[in-house]
Amino acid sequence: MAAAYARRMSTDASRAPYTDSAAGAAVKAADRAHVFHSWSAQGLIDPLAVAGAEGAYFWDYDGNRYLDLTSGLVFTNIGYQHPVVVAAIQEQAGKLATFAPAFAVEARSEAARLIAERTPGDLDKIFFTNGGAEAVENAVRMARLHTGRHKVLSAYRSYHGATATAINLTGDPRRWASDTGSAGVVRFWAPFLYRSPFYAQTEAEECARALQHLEDTLAFEGPATVAAVVLETIPGTAGIMTPPPGYLAGVREICDRHGIVFVLDEVMAGFGRTGKWFAADHHGVVPDLMTFAKGVNSGYVPLGGVAISAEIAATFDTRPYPGGLTYSGHPLACAAAVATINVMEDEKIVEGAAHLGERVLGPGLRELAGRHPSVGEVRGLGAFWALELVRDRETREPLVPYNATGEANGPMAAFGAACKKNGLWPFINMNRTHVVPACNITEAEAKEGLAALDTALSVADEYTV
């Protein structure tokens with residue numbers, strides 16, 4: 001199956017997409033007339049009309065094909081239109097398209113079993129949601145009810161979703177417009193050596209000082225008032241900053257000492273993205289609650305959830321959990337999850353992501369950094385990488401200011417345009433470009449992406465000092 005699908009992706013993705021400009025114009029017109037897009041000034045956007053997708057590629061109605069270095073929004077871990085998953089959704093639709101969440105349904109039960117088998121430690125109970133933000137909302141609710149406390153600590157340089165609690169937990173500027181001070185949210189600095197808030201020079205210093213900062217924050221907030229510490233295992237949209245060795249274990253120890261629930265957000269980093277089933281597996285750490293979404297079924301049907309420890313699950317053995325969703329554990333979504341997890345096992349996609357990071361993306365991106373003065377740092381693992389783009393390597397001044405818009409964002413806009421001109425669809429956030437393709441992208445496709453990045457970085461270089 002693995003070899004067959006790899007051949008299919010290579011063959012089909014290289015075929016010339018059809019051209020139907022009139023159909024594309026109609027799709028665009030209907031979108032502009034009726035679709036309200038997220039995170040956008042509606043009158044200033046020009047969304048691409050997509051005609052189709054296969055494997056690591058998608059194409060428009062004008063015959064332009066793009067290598068998708070974003071994997072959607074970092075969720076198509078097995079690529080677009082995997083035939084096994086598409087067939088599983090079709091089969092489930094024919095058998096039982098939907099059913100209420102209070103019942104035991106085969107697809108739901110099997111998805112929960114397969115997820116629980118792969119989560120670390122005793123995270124063996126699964127609460128299903130429609131996506132990652134709802135997973136974070138419910139994890140925080142569980143932590144507060146379990147501890148009887150209200151405060152929740154989260155990090156700057158983080159993203160946890162756009163629902164009420166999740167957006168206030170978020171540490172990036174997208175929360176500002178909705179930051180009405182969700183009661184009890186307290187932020188702290190997590191480690192990031194390249195832009196250390198602790199003036200650290202080594203990973204060991206960054207780890208020790210970040211843990212002390214967390215201890216100090218807790219001391220001044222009152223540990224007995226804190227229900228949970230919520231961290232992305234590896235922050236995704238905020239920059240793919242892999243925590244230094246010992247940091248997550250240190251947070252685990254602090255939480256244990258103070259009776260605080262440790263929540264790891266694996267919505268983006270989970271299900272093979274980092275070359276392990278979960279990023280926590282790189283650190284040997286077991287949280288009390290773990291949120292997931294995206295890669296659990298490659299985004300084919302919306303699905304997320306919370307993996308729950310035995311101790312927290314027991315809190316609700318005789319006490320009703322006051323939360324739920326109409327579509328919790330939707331049969332189509334769960335059937336897609338079952339098929340996706342089985343495909344990942346059969347085709348060794350998790351191992352493939354590790355190989356991709358170690359042998360292709362990591363070395364290739366570091367080689368680009370050696371030739372392009374606009375690249376300040378390369379960081380990541382598996383199929384989860386970021387390039388920090390700078391004006392000046394010595395001062396580490398970002399290529400564009402923090403949260404830049406309009407003319408101030410010109411250098412990154414020029415870089416993005418150069419990527420697209422060369423058939424590459426980039427993931428760009430502030431002064432970074434993330435390299436987050438499908439986890440089963442072929443080596444040839446990855447090298448194609450690196451070559452397109454090489455050309456686009458020459459444009460970014462023009463803005464360096």
# chains A, B, ... in the order shown; residues from 1 in each chain; ligands from 1
call {"tool": "select_by_dssp", "arguments": {"residues": "region 218-395 of chain A", "states": "alpha helix (DSSP H)", "output": "MDAnalysis selection string"}}
result
chainID A and resid 218:221 247:258 310:315 331:346 349:355 362:371
call {"tool": "residues_around", "arguments": {"residues": "region 58-75 of chain A", "least_positions_apart": "6", "cutoff": "6 Å", "atoms": "only C-alpha atoms", "output": "number ranges by chain"}}
result
A: 17-21, 24, 49-52, 294-295, 298-299, 423-427, 435-438
call {"tool": "closest_residue", "arguments": {"among": "A:Lys276, A:Arg371, A:Arg113, A:Arg157", "to": "Leu457 (chain A)", "atoms": "only C-alpha atoms"}}
result
A:Arg371
call {"tool": "residues_around", "arguments": {"residues": "region 249-265 of chain A", "least_positions_apart": "2", "cutoff": "8 Å", "atoms": "only C-alpha atoms", "output": "compact mmCIF listing (two decimals) with C-alpha atoms, in the first residue's frame"}}
result
# COMPACT_ATOMS: atom_id res chain seq x y z
CA VAL A 136 -8.97 23.22 24.57
CA ALA A 139 -9.76 20.49 28.70
CA ALA A 143 -9.17 20.93 34.86
CA THR A 147 -9.23 20.89 40.95
CA HIS A 160 -4.93 27.52 21.23
CA LEU A 211 11.31 27.01 34.77
CA GLU A 215 7.81 29.04 39.49
CA PRO A 223 -0.35 28.04 43.33
CA ALA A 224 -3.46 26.95 45.21
CA VAL A 226 -4.21 27.60 39.64
CA ALA A 227 -6.16 24.81 37.95
CA ALA A 228 -3.93 24.17 34.94
CA VAL A 229 -0.84 25.02 32.98
CA VAL A 230 -1.61 24.80 29.24
CA LEU A 231 1.26 24.49 26.75
CA GLU A 232 1.60 23.54 23.14
CA THR A 233 4.11 20.69 23.30
CA GLY A 246 14.24 18.94 30.48
CA TYR A 247 11.75 21.79 30.19
CA VAL A 267 -3.56 19.89 17.96
CA MET A 268 -0.85 20.78 15.44
CA HIS A 283 10.33 14.24 25.89
CA GLY A 284 9.03 11.21 27.80
CA VAL A 285 6.36 13.34 29.45
CA PRO A 287 0.31 15.22 30.72
CA ASP A 288 -2.97 14.95 32.60
CA LEU A 289 -4.95 16.08 29.58
CA MET A 290 -3.93 16.19 25.92
CA THR A 291 -5.84 17.98 23.18
CA PHE A 292 -5.75 16.84 19.55
call {"tool": "select_by_dssp", "arguments": {"residues": "region 403-457 of chain A", "states": "strand (DSSP E or B)", "output": "JSON list (two decimals) with N, CA and C atoms, in the first residue's frame"}}
result
[["chain", "number", "residue", "atom", "x", "y", "z"],
["A", 424, "LEU", "N", 5.01, 27.06, -5.40],
["A", 424, "LEU", "CA", 5.06, 26.64, -3.99],
["A", 424, "LEU", "C", 4.07, 27.47, -3.20],
["A", 425, "TRP", "N", 3.20, 26.82, -2.44],
["A", 425, "TRP", "CA", 2.28, 27.55, -1.57],
["A", 425, "TRP", "C", 2.87, 27.58, -0.16],
["A", 427, "PHE", "N", 3.59, 28.70, 3.95],
["A", 427, "PHE", "CA", 2.98, 29.05, 5.24],
["A", 427, "PHE", "C", 3.80, 30.22, 5.79],
["A", 428, "ILE", "N", 3.18, 31.38, 5.89],
["A", 428, "ILE", "CA", 3.88, 32.58, 6.34],
["A", 428, "ILE", "C", 3.17, 33.14, 7.55],
["A", 429, "ASN", "N", 3.91, 33.42, 8.61],
["A", 429, "ASN", "CA", 3.36, 34.08, 9.79],
["A", 429, "ASN", "C", 4.39, 35.06, 10.33],
["A", 432, "ARG", "N", 8.26, 34.74, 9.67],
["A", 432, "ARG", "CA", 8.68, 33.35, 9.53],
["A", 432, "ARG", "C", 7.97, 32.70, 8.34],
["A", 433, "THR", "N", 8.63, 31.73, 7.77],
["A", 433, "THR", "CA", 7.95, 30.80, 6.87],
["A", 433, "THR", "C", 8.12, 29.41, 7.46],
["A", 434, "HIS", "N", 7.03, 28.69, 7.52],
["A", 434, "HIS", "CA", 7.05, 27.34, 8.09],
["A", 434, "HIS", "C", 7.05, 26.32, 6.97],
["A", 435, "VAL", "N", 7.80, 25.28, 7.16],
["A", 435, "VAL", "CA", 7.88, 24.19, 6.18],
["A", 435, "VAL", "C", 7.18, 22.99, 6.81]]
call {"tool": "residues_around", "arguments": {"residues": "Arg209 (chain A)", "least_positions_apart": "6", "cutoff": "12 Å", "atoms": "only C-alpha atoms", "output": "PyMOL selection string"}}
result
chain A and resi 189-193+196-203+215-216+244+246-247+250
call {"tool": "write_last_selection", "arguments": {"atoms": "C-alpha atoms", "output": "short mmCIF file (atom, residue, chain, number, x, y, z; two decimals), in the first residue's frame"}}
result
data_model
loop_
_atom_site.label_atom_id
_atom_site.label_comp_id
_atom_site.auth_asym_id
_atom_site.auth_seq_id
_atom_site.Cartn_x
_atom_site.Cartn_y
_atom_site.Cartn_z
CA TRP A 189 7.16 33.21 28.92
CA ALA A 190 7.98 29.75 27.64
CA PRO A 191 11.54 29.01 26.45
CA PHE A 192 12.75 30.29 23.07
CA LEU A 193 16.54 30.54 23.01
CA SER A 196 15.32 34.54 24.87
CA PRO A 197 13.43 36.76 27.33
CA PHE A 198 15.84 35.43 29.97
CA TYR A 199 19.14 36.55 28.36
CA ALA A 200 20.20 32.91 28.18
CA GLN A 201 23.15 31.80 26.05
CA THR A 202 22.62 28.03 26.12
CA GLU A 203 19.68 25.64 26.06
CA GLU A 215 7.81 29.04 39.49
CA ASP A 216 7.93 32.78 40.22
CA PRO A 244 14.94 22.54 25.41
CA GLY A 246 14.24 18.94 30.48
CA TYR A 247 11.75 21.79 30.19
CA GLY A 250 10.34 20.37 34.74
#
call {"tool": "residues_around", "arguments": {"residues": "region 164-168 of chain A", "least_positions_apart": "2", "cutoff": "10 Å", "atoms": "only C-alpha atoms", "output": "number ranges by chain"}}
result
A: 132-138, 140-141, 154, 159-162, 170-187
call {"tool": "atom_distance", "arguments": {"atom1": "CA of Ala210 (chain A)", "atom2": "CA of Ala386 (chain A)"}}
result
21.6 Å
call {"tool": "atom_distance", "arguments": {"atom1": "CA of Phe188 (chain A)", "atom2": "CA of Ala155 (chain A)"}}
result
4.9 Å
call {"tool": "residues_around", "arguments": {"residues": "Arg391 (chain A)", "least_positions_apart": "2", "cutoff": "9 Å", "atoms": "only C-alpha atoms", "output": "list in words"}}
result
Pro373, Ser374, Val375, Gly376, Leu389, Arg393, Thr395, Arg396, Glu397, Pro398, Leu399, Val400, Ala460, Asp461, Tyr463, Thr464 and Val465 of chain A
call {"tool": "closest_residue", "arguments": {"among": "A:Leu325, A:Ala336, A:Leu48, A:Ala56", "to": "Gln90 (chain A)", "atoms": "only C-alpha atoms"}}
result
A:Ala336
call {"tool": "closest_residue", "arguments": {"among": "A:Lys421, A:His330, A:Lys348, A:Lys447", "to": "Ile89 (chain A)", "atoms": "only C-alpha atoms"}}
result
A:His330
call {"tool": "closest_residue", "arguments": {"among": "A:Ala33, A:Gly352, A:Ala23, A:Ile115", "to": "Gly275 (chain A)", "atoms": "only C-alpha atoms"}}
result
A:Gly352
call {"tool": "closest_residue", "arguments": {"among": "A:Thr442, A:Asp392, A:Lys420, A:Ala310", "to": "Asp122 (chain A)", "atoms": "only C-alpha atoms"}}
result
A:Ala310
